[in-house]
file my_file-v2.txt (compact mmCIF, C-alpha atoms and all ligand atoms)
# COMPACT_ATOMS: atom_id res chain seq x y z
CA MET A 1 -7.49 -12.66 11.18
CA SER A 2 -7.19 -13.54 7.51
CA GLY A 3 -3.91 -14.59 6.00
CA ALA A 4 -1.38 -17.35 6.31
CA GLU A 5 0.88 -18.07 9.28
CA VAL A 6 4.52 -18.51 8.39
CA SER A 7 7.09 -20.37 10.44
CA LEU A 8 10.79 -20.84 9.83
CA ARG A 9 12.77 -23.25 11.99
CA SER A 10 16.58 -23.18 11.92
CA VAL A 11 16.50 -22.22 8.26
CA LYS A 12 19.86 -22.14 6.59
CA LYS A 13 20.72 -21.29 3.00
CA SER A 14 24.09 -21.63 1.36
CA PHE A 15 25.14 -21.05 -2.22
CA ALA A 16 28.17 -23.02 -3.38
CA GLY A 17 29.18 -23.69 0.22
CA ARG A 18 28.87 -20.04 1.27
CA ALA A 19 26.23 -19.50 3.99
CA VAL A 20 23.91 -16.57 3.27
CA LEU A 21 21.41 -17.33 6.04
CA HIS A 22 22.61 -19.16 9.15
CA ALA A 23 19.85 -20.38 11.42
CA VAL A 24 16.79 -18.23 10.97
CA ASP A 25 13.86 -18.80 13.33
CA LEU A 26 10.81 -16.72 12.61
CA ASP A 27 7.08 -16.87 13.30
CA ILE A 28 4.78 -14.56 11.41
CA ALA A 29 1.18 -14.38 12.60
CA ALA A 30 -1.79 -14.43 10.24
CA GLY A 31 -2.48 -10.92 8.99
CA GLN A 32 0.83 -9.50 10.17
CA PHE A 33 2.68 -7.01 7.95
CA VAL A 34 6.42 -7.67 8.29
CA SER A 35 9.09 -5.59 6.60
CA ILE A 36 12.62 -6.83 6.06
CA ILE A 37 15.45 -4.36 5.83
CA GLY A 38 19.17 -4.98 5.68
CA PRO A 39 22.26 -4.17 3.67
CA SER A 40 22.45 -5.21 0.06
CA GLY A 41 23.51 -8.86 -0.25
CA ALA A 42 22.32 -9.66 3.29
CA GLY A 43 19.93 -12.36 2.02
CA LYS A 44 16.61 -10.48 2.05
CA SER A 45 15.50 -11.67 -1.39
CA THR A 46 16.80 -15.15 -0.61
CA LEU A 47 14.62 -15.25 2.52
CA LEU A 48 11.59 -14.16 0.48
CA ARG A 49 12.28 -16.76 -2.21
CA LEU A 50 12.58 -19.45 0.46
CA VAL A 51 9.21 -18.47 1.94
CA ALA A 52 7.73 -18.45 -1.58
CA GLY A 53 9.03 -21.97 -2.15
CA LEU A 54 11.10 -20.81 -5.13
CA GLU A 55 14.25 -22.01 -3.34
CA ALA A 56 14.70 -24.93 -0.97
CA PRO A 57 16.50 -24.31 2.34
CA SER A 58 19.89 -26.01 2.77
CA ALA A 59 18.69 -27.01 6.26
CA GLY A 60 15.69 -26.33 8.46
CA ARG A 61 11.97 -26.14 7.83
CA ILE A 62 9.55 -23.59 6.41
CA GLU A 63 5.81 -23.97 6.89
CA LEU A 64 2.82 -21.98 5.77
CA HIS A 65 -0.51 -22.54 7.49
CA ARG A 66 -3.89 -21.37 6.40
CA ALA A 67 -6.99 -22.77 8.07
CA GLY A 68 -9.20 -24.68 5.65
CA HIS A 69 -7.15 -24.60 2.47
CA LYS A 70 -3.68 -24.46 1.00
CA ALA A 71 -2.14 -21.01 1.37
CA ASP A 72 -2.15 -18.96 -1.83
CA VAL A 73 1.12 -17.05 -2.15
CA ARG A 74 1.75 -14.20 -4.60
CA LEU A 75 4.91 -12.27 -5.32
CA MET A 76 5.61 -8.82 -6.62
CA PHE A 77 9.03 -7.50 -7.60
CA GLN A 78 10.77 -4.26 -8.40
CA GLU A 79 10.23 -5.00 -12.10
CA ASP A 80 6.54 -5.29 -12.95
CA ARG A 81 7.03 -8.46 -15.06
CA LEU A 82 3.95 -7.64 -17.14
CA LEU A 83 3.52 -9.37 -20.48
CA PRO A 84 3.88 -6.62 -23.10
CA TRP A 85 1.66 -8.36 -25.66
CA ARG A 86 -1.29 -8.60 -23.27
CA THR A 87 -3.58 -5.74 -22.35
CA VAL A 88 -3.79 -4.43 -18.79
CA LEU A 89 -6.95 -6.49 -18.22
CA ARG A 90 -5.38 -9.64 -19.69
CA ASN A 91 -2.29 -9.20 -17.54
CA VAL A 92 -4.50 -9.16 -14.46
CA THR A 93 -6.55 -12.18 -15.59
CA LEU A 94 -3.43 -14.15 -16.57
CA GLY A 95 -4.18 -17.80 -15.92
CA LEU A 96 -7.79 -17.06 -14.90
CA LYS A 97 -11.00 -17.57 -16.85
CA GLY A 98 -14.25 -15.64 -16.50
CA ARG A 99 -12.88 -13.18 -13.96
CA ASP A 100 -13.13 -10.01 -16.06
CA ARG A 101 -15.66 -8.29 -13.75
CA GLU A 102 -13.40 -8.90 -10.75
CA ALA A 103 -10.34 -7.73 -12.68
CA GLU A 104 -12.16 -4.53 -13.63
CA ALA A 105 -13.13 -3.97 -9.99
CA ILE A 106 -9.58 -4.46 -8.75
CA LEU A 107 -8.22 -2.18 -11.49
CA ARG A 108 -10.69 0.42 -10.26
CA ALA A 109 -9.42 -0.09 -6.72
CA VAL A 110 -5.84 0.60 -7.84
CA GLY A 111 -6.94 3.69 -9.78
CA LEU A 112 -6.70 2.28 -13.30
CA ASP A 113 -10.32 2.26 -14.44
CA GLY A 114 -10.63 3.02 -18.12
CA ARG A 115 -7.11 1.67 -18.86
CA GLU A 116 -8.15 -2.01 -19.16
CA ASN A 117 -7.58 -2.30 -22.89
CA GLU A 118 -4.27 -0.48 -23.07
CA PHE A 119 -0.94 -2.23 -23.33
CA PRO A 120 1.77 -1.93 -20.62
CA VAL A 121 4.07 0.05 -22.92
CA GLY A 122 1.72 3.04 -22.71
CA LEU A 123 1.76 3.17 -18.90
CA SER A 124 4.08 4.96 -16.46
CA GLY A 125 6.23 2.99 -14.02
CA GLY A 126 3.79 3.62 -11.19
CA GLN A 127 0.81 2.55 -13.30
CA ARG A 128 2.59 -0.62 -14.34
CA GLN A 129 3.24 -1.46 -10.68
CA ARG A 130 -0.46 -0.88 -10.00
CA VAL A 131 -1.25 -3.50 -12.65
CA ALA A 132 1.28 -5.86 -11.05
CA LEU A 133 -0.36 -5.29 -7.66
CA ALA A 134 -3.83 -5.88 -9.14
CA ARG A 135 -2.55 -9.11 -10.73
CA ALA A 136 -1.37 -10.30 -7.31
CA LEU A 137 -4.45 -9.19 -5.41
CA ILE A 138 -7.08 -10.71 -7.72
CA HIS A 139 -6.01 -14.07 -6.28
CA GLU A 140 -6.89 -12.88 -2.75
CA PRO A 141 -3.51 -14.25 -1.59
CA ASP A 142 -3.13 -15.42 2.00
CA LEU A 143 0.47 -14.33 1.80
CA LEU A 144 1.73 -11.42 -0.28
CA LEU A 145 5.51 -11.29 -0.77
CA LEU A 146 6.88 -7.97 -2.01
CA ASP A 147 10.53 -7.58 -3.02
CA GLU A 148 11.30 -3.85 -3.19
CA PRO A 149 8.13 -3.33 -5.25
CA PHE A 150 8.37 0.46 -5.22
CA GLY A 151 12.17 0.66 -5.31
CA ALA A 152 12.39 1.90 -8.90
CA LEU A 153 9.70 4.57 -8.57
CA ASP A 154 10.22 8.29 -7.98
CA ALA A 155 9.57 9.58 -4.45
CA ILE A 156 6.07 10.96 -5.10
CA THR A 157 4.87 7.86 -6.95
CA ARG A 158 6.38 5.67 -4.24
CA ALA A 159 4.51 7.59 -1.53
CA ALA A 160 1.28 7.21 -3.52
CA MET A 161 1.87 3.45 -3.88
CA GLN A 162 2.53 3.11 -0.14
CA LEU A 163 -0.78 4.83 0.63
CA LEU A 164 -2.58 2.65 -1.91
CA LEU A 165 -1.13 -0.55 -0.44
CA ALA A 166 -2.02 0.54 3.12
CA ARG A 167 -5.59 1.33 2.02
CA LEU A 168 -6.07 -1.97 0.16
CA LEU A 169 -4.73 -3.96 3.13
CA ALA A 170 -6.91 -2.08 5.60
CA ALA A 171 -9.93 -3.13 3.52
CA ARG A 172 -8.72 -6.73 3.07
CA PRO A 173 -6.08 -7.78 5.59
CA ARG A 174 -3.67 -10.57 4.71
CA THR A 175 -0.15 -11.59 5.71
CA VAL A 176 2.51 -9.49 3.98
CA VAL A 177 6.30 -9.70 3.89
CA LEU A 178 7.89 -6.64 2.30
CA VAL A 179 11.58 -6.35 1.50
CA THR A 180 12.56 -2.72 1.28
CA HIS A 181 15.65 -0.54 1.50
CA ASP A 182 13.41 2.35 2.57
CA VAL A 183 13.28 2.45 6.38
CA GLU A 184 10.51 5.04 6.32
CA GLU A 185 8.40 2.80 4.07
CA ALA A 186 8.89 -0.06 6.53
CA LEU A 187 7.81 2.15 9.44
CA LEU A 188 4.77 3.54 7.65
CA LEU A 189 3.41 0.16 6.60
CA SER A 190 4.47 -2.55 9.04
CA ASP A 191 3.42 -4.21 12.26
CA ARG A 192 6.96 -5.46 12.60
CA VAL A 193 10.36 -4.68 11.11
CA LEU A 194 13.19 -7.22 10.87
CA LEU A 195 16.77 -6.17 10.28
CA ILE A 196 18.75 -8.92 8.57
CA LYS A 197 22.50 -8.90 8.82
CA ASP A 198 25.35 -11.36 9.18
CA GLY A 199 23.06 -14.16 8.06
CA GLY A 200 20.44 -13.72 10.76
CA ILE A 201 17.79 -11.50 12.30
CA ALA A 202 19.70 -8.75 14.09
CA ARG A 203 16.66 -6.71 15.16
CA ASP A 204 13.00 -7.66 15.52
CA LEU A 205 10.97 -4.55 16.19
CA MET A 206 7.22 -4.55 16.87
CA LEU A 207 5.36 -1.37 15.91
CA ASP A 208 2.10 -0.53 17.57
CA ARG A 209 1.63 2.98 16.20
CA PRO A 210 -1.96 3.57 15.11
CA ARG A 211 -2.88 3.75 11.43
CA PRO A 212 -3.00 5.66 9.18
CA ARG A 213 0.59 6.58 9.99
CA HIS A 214 2.22 9.86 9.21
CA ARG A 215 5.79 10.56 8.18
CA GLY A 216 5.97 13.39 10.72
CA ASP A 217 5.19 11.14 13.72
CA PRO A 218 8.07 11.75 16.21
CA ALA A 219 7.82 8.17 17.55
CA LEU A 220 8.46 6.88 14.02
CA GLY A 221 11.32 9.37 13.66
CA ALA A 222 13.06 7.89 16.71
CA LEU A 223 12.60 4.34 15.40
CA LYS A 224 13.93 5.42 12.02
CA GLU A 225 17.14 6.67 13.64
CA GLU A 226 17.50 3.42 15.54
CA LEU A 227 17.02 1.26 12.44
CA LEU A 228 19.30 3.43 10.31
CA ASP A 229 21.96 3.04 13.01
CA GLY A 230 21.56 -0.74 12.82
CA LEU A 231 21.77 -0.61 9.01
CA LEU A 232 24.82 1.62 8.93
CA THR A 233 26.62 -0.58 11.45
CA ALA A 234 25.79 -3.49 9.19
CA GLU A 235 27.11 -1.70 6.08
CA GLY A 236 30.24 -0.82 8.06
CA SER A 237 30.79 -4.40 9.17
CA LEU A 238 30.39 -5.56 5.57
CA SER A 239 32.92 -3.12 4.17
CA ALA A 240 35.31 -4.01 6.99
CA VAL A 241 35.17 -7.63 5.78
CA ALA A 242 35.47 -6.76 2.08
P1 LIG B 301 19.59 -9.01 -0.82
O1 LIG B 301 18.25 -9.24 -1.41
O2 LIG B 301 19.59 -8.82 0.66
O3 LIG B 301 20.34 -7.87 -1.48
P2 LIG B 301 20.16 -11.65 -1.87
O4 LIG B 301 19.26 -12.50 -1.07
O5 LIG B 301 19.73 -11.35 -3.27
O6 LIG B 301 20.50 -10.30 -1.07
O7 LIG B 301 21.57 -12.33 -1.96
C1 LIG B 301 22.30 -12.70 -0.79
C2 LIG B 301 23.61 -13.33 -1.22
O8 LIG B 301 23.36 -14.59 -1.82
C3 LIG B 301 24.39 -12.52 -2.23
O9 LIG B 301 25.75 -12.64 -1.93
C4 LIG B 301 24.08 -13.19 -3.53
O10 LIG B 301 25.11 -13.04 -4.44
C5 LIG B 301 23.90 -14.64 -3.12
N1 LIG B 301 22.95 -15.35 -3.99
C6 LIG B 301 21.63 -15.11 -4.07
N2 LIG B 301 21.03 -15.94 -4.94
C7 LIG B 301 22.02 -16.73 -5.42
C8 LIG B 301 22.06 -17.83 -6.35
N3 LIG B 301 20.95 -18.26 -6.96
N4 LIG B 301 23.25 -18.41 -6.59
C9 LIG B 301 24.38 -17.99 -5.96
N5 LIG B 301 24.41 -16.98 -5.08
C10 LIG B 301 23.26 -16.36 -4.80
MG MG B 302 17.22 -8.31 -2.95

call {"tool": "encode", "arguments": {"input": "my_file-v2.txt", "output": "structure tokens"}}
result
Amino acid sequence: MSGAEVSLRSVKKSFAGRAVLHAVDLDIAAGQFVSIIGPSGAGKSTLLRLVAGLEAPSAGRIELHRAGHKADVRLMFQEDRLLPWRTVLRNVTLGLKGRDREAEAILRAVGLDGRENEFPVGLSGGQRQRVALARALIHEPDLLLLDEPFGALDAITRAAMQLLLARLLAARPRTVVLVTHDVEEALLLSDRVLLIKDGGIARDLMLDRPRPRHRGDPALGALKEELLDGLLTAEGSLSAVA
């Protein structure tokens, strides 16, 4: 299976003495698609930033393994973070030389052929996120980290982006960690869903439903209820503390 393995051992993260993550132990297999859900402020983005190496843990160890070479890790956020003064093509080839053919191919794969020479300002939110996805994927990352990448999109565009991501990953599997507040999105896309609350992993749910998945699948409906219950309990426990 292609992709990086990720392992977290007793990972703790505090900010100014306040613990956000207690002692997180987690093993992600190569090629696994893991979604992270949890109430706002639970530490989902912090966990992603730790795995990305953008933050150092306060205690514990995080390791990425990829046979043969150093794991390439790419991130994508809710904001597209495109450079407005660069064309679509030049946003995708940022930091790369002589990769125009590949960039054109990947822009075709995300449905943006013919838009290479436009500037981000002329694109819709969904199109801009397609450019951001193309910019991540041109690197063939072993680990793709997505922090609510479709969170700002309207429902129809979000559904289209979910299908696109599922299709691209089916063609080229890699390890993915997706933070999302959309339980349905987690269930449609993932092999595994983690619920983070109270500084740790409260639920670790493996999904073996066949792909492509459908929103109407009753088995997914039951899991959605279960996860929403877990989330709502978590929101309740937070407001009880506040
Ligand atoms: P989530 O993504 O689940 O909404 P975050 O991981 O962004 O939550 O944040 C978890 C908690 O850690 C929040 O209380 C947030 O304010 C705090 N936090 C995150 N990053 C920092 C930082 N750089 N400095 C101080 N506090 C932070
Ligand atoms: Mg966040």

call {"tool": "residues_near_ligand", "arguments": {"input": "my_file-v2.txt", "ligand": "ligand LIG 301 (chain B)", "cutoff": "10 Å", "atoms": "only C-alpha atoms and all ligand atoms", "output": "number ranges by chain"}}
result
A: 13-21, 36-50, 55, 147-148, 179-181, 196-197, 199

call {"tool": "write_last_selection", "arguments": {"input": "my_file-v2.txt", "atoms": "C-alpha atoms", "output": "mmCIF file, keeping the file's coordinate frame"}}
result
data_model
loop_
_atom_site.group_PDB
_atom_site.id
_atom_site.type_symbol
_atom_site.label_atom_id
_atom_site.label_comp_id
_atom_site.auth_asym_id
_atom_site.auth_seq_id
_atom_site.Cartn_x
_atom_site.Cartn_y
_atom_site.Cartn_z
ATOM 1 C CA LYS A 13 20.720 -21.290 3.000
ATOM 2 C CA SER A 14 24.090 -21.630 1.360
ATOM 3 C CA PHE A 15 25.140 -21.050 -2.220
ATOM 4 C CA ALA A 16 28.170 -23.020 -3.380
ATOM 5 C CA GLY A 17 29.180 -23.690 0.220
ATOM 6 C CA ARG A 18 28.870 -20.040 1.270
ATOM 7 C CA ALA A 19 26.230 -19.500 3.990
ATOM 8 C CA VAL A 20 23.910 -16.570 3.270
ATOM 9 C CA LEU A 21 21.410 -17.330 6.040
ATOM 10 C CA ILE A 36 12.620 -6.830 6.060
ATOM 11 C CA ILE A 37 15.450 -4.360 5.830
ATOM 12 C CA GLY A 38 19.170 -4.980 5.680
ATOM 13 C CA PRO A 39 22.260 -4.170 3.670
ATOM 14 C CA SER A 40 22.450 -5.210 0.060
ATOM 15 C CA GLY A 41 23.510 -8.860 -0.250
ATOM 16 C CA ALA A 42 22.320 -9.660 3.290
ATOM 17 C CA GLY A 43 19.930 -12.360 2.020
ATOM 18 C CA LYS A 44 16.610 -10.480 2.050
ATOM 19 C CA SER A 45 15.500 -11.670 -1.390
ATOM 20 C CA THR A 46 16.800 -15.150 -0.610
ATOM 21 C CA LEU A 47 14.620 -15.250 2.520
ATOM 22 C CA LEU A 48 11.590 -14.160 0.480
ATOM 23 C CA ARG A 49 12.280 -16.760 -2.210
ATOM 24 C CA LEU A 50 12.580 -19.450 0.460
ATOM 25 C CA GLU A 55 14.250 -22.010 -3.340
ATOM 26 C CA ASP A 147 10.530 -7.580 -3.020
ATOM 27 C CA GLU A 148 11.300 -3.850 -3.190
ATOM 28 C CA VAL A 179 11.580 -6.350 1.500
ATOM 29 C CA THR A 180 12.560 -2.720 1.280
ATOM 30 C CA HIS A 181 15.650 -0.540 1.500
ATOM 31 C CA ILE A 196 18.750 -8.920 8.570
ATOM 32 C CA LYS A 197 22.500 -8.900 8.820
ATOM 33 C CA GLY A 199 23.060 -14.160 8.060
#

call {"tool": "closest_residue", "arguments": {"input": "my_file-v2.txt", "among": "A:Leu188, A:Leu83, A:Val183, A:Leu146", "to": "ligand MG 302 (chain B)", "atoms": "only C-alpha atoms and all ligand atoms"}}
result
A:Leu146

call {"tool": "atom_distance", "arguments": {"input": "my_file-v2.txt", "atom1": "atom CA of A:His69", "atom2": "atom CA of A:Ala132"}}
result
24.6 Å

call {"tool": "residues_around", "arguments": {"input": "my_file-v2.txt", "residues": "A:Leu164", "least_positions_apart": "6", "cutoff": "10 Å", "atoms": "all atoms listed in the file", "output": "MDAnalysis selection string"}}
result
chainID A and resid 109:111 130 158 170

call {"tool": "write_last_selection", "arguments": {"input": "my_file-v2.txt", "atoms": "C-alpha atoms", "output": "PDB file, keeping the file's coordinate frame"}}
result
ATOM      1  CA  ALA A 109      -9.420  -0.090  -6.720  1.00  0.00           C
ATOM      2  CA  VAL A 110      -5.840   0.600  -7.840  1.00  0.00           C
ATOM      3  CA  GLY A 111      -6.940   3.690  -9.780  1.00  0.00           C
ATOM      4  CA  ARG A 130      -0.460  -0.880 -10.000  1.00  0.00           C
ATOM      5  CA  ARG A 158       6.380   5.670  -4.240  1.00  0.00           C
ATOM      6  CA  ALA A 170      -6.910  -2.080   5.600  1.00  0.00           C
TER       7      ALA A 170
END

call {"tool": "atom_distance", "arguments": {"input": "my_file-v2.txt", "atom1": "atom CA of A:Leu228", "atom2": "atom CA of A:Ile62"}}
result
29.0 Å

call {"tool": "closest_residue", "arguments": {"input": "my_file-v2.txt", "among": "A:Ala4, A:Ala23, A:Leu123, A:Ile106", "to": "A:Ala202", "atoms": "only C-alpha atoms"}}
result
A:Ala23

call {"tool": "residues_around", "arguments": {"input": "my_file-v2.txt", "residues": "A:Pro212", "least_positions_apart": "2", "cutoff": "12 Å", "atoms": "only C-alpha atoms", "output": "number ranges by chain"}}
result
A: 162-167, 169-170, 187-190, 208-210, 214-217

call {"tool": "write_last_selection", "arguments": {"input": "my_file-v2.txt", "atoms": "C-alpha atoms", "output": "compact mmCIF listing (two decimals), keeping the file's coordinate frame"}}
result
# COMPACT_ATOMS: atom_id res chain seq x y z
CA GLN A 162 2.53 3.11 -0.14
CA LEU A 163 -0.78 4.83 0.63
CA LEU A 164 -2.58 2.65 -1.91
CA LEU A 165 -1.13 -0.55 -0.44
CA ALA A 166 -2.02 0.54 3.12
CA ARG A 167 -5.59 1.33 2.02
CA LEU A 169 -4.73 -3.96 3.13
CA ALA A 170 -6.91 -2.08 5.60
CA LEU A 187 7.81 2.15 9.44
CA LEU A 188 4.77 3.54 7.65
CA LEU A 189 3.41 0.16 6.60
CA SER A 190 4.47 -2.55 9.04
CA ASP A 208 2.10 -0.53 17.57
CA ARG A 209 1.63 2.98 16.20
CA PRO A 210 -1.96 3.57 15.11
CA HIS A 214 2.22 9.86 9.21
CA ARG A 215 5.79 10.56 8.18
CA GLY A 216 5.97 13.39 10.72
CA ASP A 217 5.19 11.14 13.72

call {"tool": "closest_residue", "arguments": {"input": "my_file-v2.txt", "among": "A:Ser10, A:Glu79, A:Met206, A:Val73", "to": "ligand MG 302 (chain B)", "atoms": "only C-alpha atoms and all ligand atoms"}}
result
A:Glu79

call {"tool": "residues_around", "arguments": {"input": "my_file-v2.txt", "residues": "A:Val193", "least_positions_apart": "4", "cutoff": "6 Å", "atoms": "all atoms listed in the file", "output": "JSON, numbers by chain"}}
result
{"A": [34, 35, 36, 204, 205]}

call {"tool": "atom_distance", "arguments": {"input": "my_file-v2.txt", "atom1": "atom CA of A:Thr93", "atom2": "atom CA of A:Arg135"}}
result
7.0 Å

call {"tool": "residues_near_point", "arguments": {"input": "my_file-v2.txt", "point": "(-11.6, -6.2, -9.5)", "cutoff": "10 Å", "atoms": "only C-alpha atoms", "output": "number ranges by chain"}}
result
A: 89, 92-93, 99-110, 113, 134-135, 137-138

call {"tool": "residues_near_point", "arguments": {"input": "my_file-v2.txt", "point": "(7.3, 4.3, -7.2)", "cutoff": "12 Å", "atoms": "only C-alpha atoms", "output": "ChimeraX atom specification"}}
result
/A:77-80,124-130,148-165,182,185

call {"tool": "closest_residue", "arguments": {"input": "my_file-v2.txt", "among": "A:Arg81, A:Leu75, A:Leu144, A:Ser58", "to": "A:Arg172", "atoms": "all atoms listed in the file"}}
result
A:Leu144

call {"tool": "axis_aligned_box", "arguments": {"input": "my_file-v2.txt", "around": "stretch 161-165 of chain A", "padding_each_side": "4 Å", "output": "JSON"}}
result
{"center_x": 0.0, "center_y": 2.1, "center_z": -1.6, "size_x": 13.1, "size_y": 13.4, "size_z": 12.5}

call {"tool": "residues_around", "arguments": {"input": "my_file-v2.txt", "residues": "A:Gln32", "least_positions_apart": "2", "cutoff": "9 Å", "atoms": "all atoms listed in the file", "output": "list in words"}}
result
Met1, Gly3, Glu5, Ile28, Ala29, Ala30, Val34, Pro173, Arg174, Thr175, Val176, Val177, Ser190, Asp191 and Arg192 of chain A

call {"tool": "build_atoms", "arguments": {"input": "my_file-v2.txt", "residues": "stretch 32-40 of chain A", "atoms": "all heavy atoms", "output": "PDB file, keeping the file's coordinate frame"}}
result
ATOM      1  N   GLN A  32      -0.247 -10.415   9.793  1.00  0.00           N
ATOM      2  CA  GLN A  32       0.830  -9.500  10.170  1.00  0.00           C
ATOM      3  C   GLN A  32       1.535  -8.934   8.929  1.00  0.00           C
ATOM      4  O   GLN A  32       1.705  -9.642   7.943  1.00  0.00           O
ATOM      5  CB  GLN A  32       1.849 -10.248  11.042  1.00  0.00           C
ATOM      6  CG  GLN A  32       2.803  -9.347  11.800  1.00  0.00           C
ATOM      7  CD  GLN A  32       3.601 -10.113  12.859  1.00  0.00           C
ATOM      8  OE1 GLN A  32       4.187 -11.155  12.574  1.00  0.00           O
ATOM      9  NE2 GLN A  32       3.619  -9.596  14.074  1.00  0.00           N
ATOM     10  N   PHE A  33       1.907  -7.659   9.014  1.00  0.00           N
ATOM     11  CA  PHE A  33       2.680  -7.010   7.950  1.00  0.00           C
ATOM     12  C   PHE A  33       4.109  -6.875   8.459  1.00  0.00           C
ATOM     13  O   PHE A  33       4.378  -6.117   9.377  1.00  0.00           O
ATOM     14  CB  PHE A  33       2.090  -5.636   7.617  1.00  0.00           C
ATOM     15  CG  PHE A  33       2.665  -5.007   6.366  1.00  0.00           C
ATOM     16  CD1 PHE A  33       1.821  -4.568   5.357  1.00  0.00           C
ATOM     17  CD2 PHE A  33       4.040  -4.861   6.188  1.00  0.00           C
ATOM     18  CE1 PHE A  33       2.331  -3.991   4.191  1.00  0.00           C
ATOM     19  CE2 PHE A  33       4.559  -4.296   5.038  1.00  0.00           C
ATOM     20  CZ  PHE A  33       3.703  -3.845   4.042  1.00  0.00           C
ATOM     21  N   VAL A  34       5.021  -7.647   7.858  1.00  0.00           N
ATOM     22  CA  VAL A  34       6.420  -7.670   8.290  1.00  0.00           C
ATOM     23  C   VAL A  34       7.280  -7.057   7.195  1.00  0.00           C
ATOM     24  O   VAL A  34       7.168  -7.444   6.031  1.00  0.00           O
ATOM     25  CB  VAL A  34       6.891  -9.120   8.545  1.00  0.00           C
ATOM     26  CG1 VAL A  34       8.344  -9.148   8.983  1.00  0.00           C
ATOM     27  CG2 VAL A  34       6.003  -9.787   9.581  1.00  0.00           C
ATOM     28  N   SER A  35       8.121  -6.111   7.566  1.00  0.00           N
ATOM     29  CA  SER A  35       9.090  -5.590   6.600  1.00  0.00           C
ATOM     30  C   SER A  35      10.469  -6.125   6.937  1.00  0.00           C
ATOM     31  O   SER A  35      10.808  -6.309   8.111  1.00  0.00           O
ATOM     32  CB  SER A  35       9.139  -4.062   6.642  1.00  0.00           C
ATOM     33  OG  SER A  35       8.009  -3.525   5.997  1.00  0.00           O
ATOM     34  N   ILE A  36      11.244  -6.362   5.900  1.00  0.00           N
ATOM     35  CA  ILE A  36      12.620  -6.830   6.060  1.00  0.00           C
ATOM     36  C   ILE A  36      13.553  -5.790   5.476  1.00  0.00           C
ATOM     37  O   ILE A  36      13.425  -5.440   4.294  1.00  0.00           O
ATOM     38  CB  ILE A  36      12.828  -8.182   5.356  1.00  0.00           C
ATOM     39  CG1 ILE A  36      11.910  -9.234   5.989  1.00  0.00           C
ATOM     40  CG2 ILE A  36      14.282  -8.607   5.421  1.00  0.00           C
ATOM     41  CD1 ILE A  36      12.002 -10.586   5.337  1.00  0.00           C
ATOM     42  N   ILE A  37      14.442  -5.277   6.316  1.00  0.00           N
ATOM     43  CA  ILE A  37      15.450  -4.360   5.830  1.00  0.00           C
ATOM     44  C   ILE A  37      16.825  -4.995   6.100  1.00  0.00           C
ATOM     45  O   ILE A  37      16.923  -5.973   6.839  1.00  0.00           O
ATOM     46  CB  ILE A  37      15.351  -2.966   6.489  1.00  0.00           C
ATOM     47  CG1 ILE A  37      15.528  -3.061   8.001  1.00  0.00           C
ATOM     48  CG2 ILE A  37      14.001  -2.316   6.178  1.00  0.00           C
ATOM     49  CD1 ILE A  37      15.652  -1.700   8.679  1.00  0.00           C
ATOM     50  N   GLY A  38      17.835  -4.428   5.483  1.00  0.00           N
ATOM     51  CA  GLY A  38      19.170  -4.980   5.680  1.00  0.00           C
ATOM     52  C   GLY A  38      20.052  -4.535   4.535  1.00  0.00           C
ATOM     53  O   GLY A  38      19.548  -4.131   3.488  1.00  0.00           O
ATOM     54  N   PRO A  39      21.357  -4.605   4.726  1.00  0.00           N
ATOM     55  CA  PRO A  39      22.260  -4.170   3.670  1.00  0.00           C
ATOM     56  C   PRO A  39      22.109  -5.030   2.421  1.00  0.00           C
ATOM     57  O   PRO A  39      21.613  -6.153   2.494  1.00  0.00           O
ATOM     58  CB  PRO A  39      23.644  -4.334   4.286  1.00  0.00           C
ATOM     59  CG  PRO A  39      23.481  -5.209   5.463  1.00  0.00           C
ATOM     60  CD  PRO A  39      22.066  -5.117   5.910  1.00  0.00           C
ATOM     61  N   SER A  40      22.535  -4.490   1.316  1.00  0.00           N
ATOM     62  CA  SER A  40      22.450  -5.210   0.060  1.00  0.00           C
ATOM     63  C   SER A  40      23.324  -6.464   0.132  1.00  0.00           C
ATOM     64  O   SER A  40      24.432  -6.419   0.674  1.00  0.00           O
ATOM     65  CB  SER A  40      22.813  -4.228  -1.049  1.00  0.00           C
ATOM     66  OG  SER A  40      23.627  -4.807  -1.965  1.00  0.00           O
TER      67      SER A  40
END
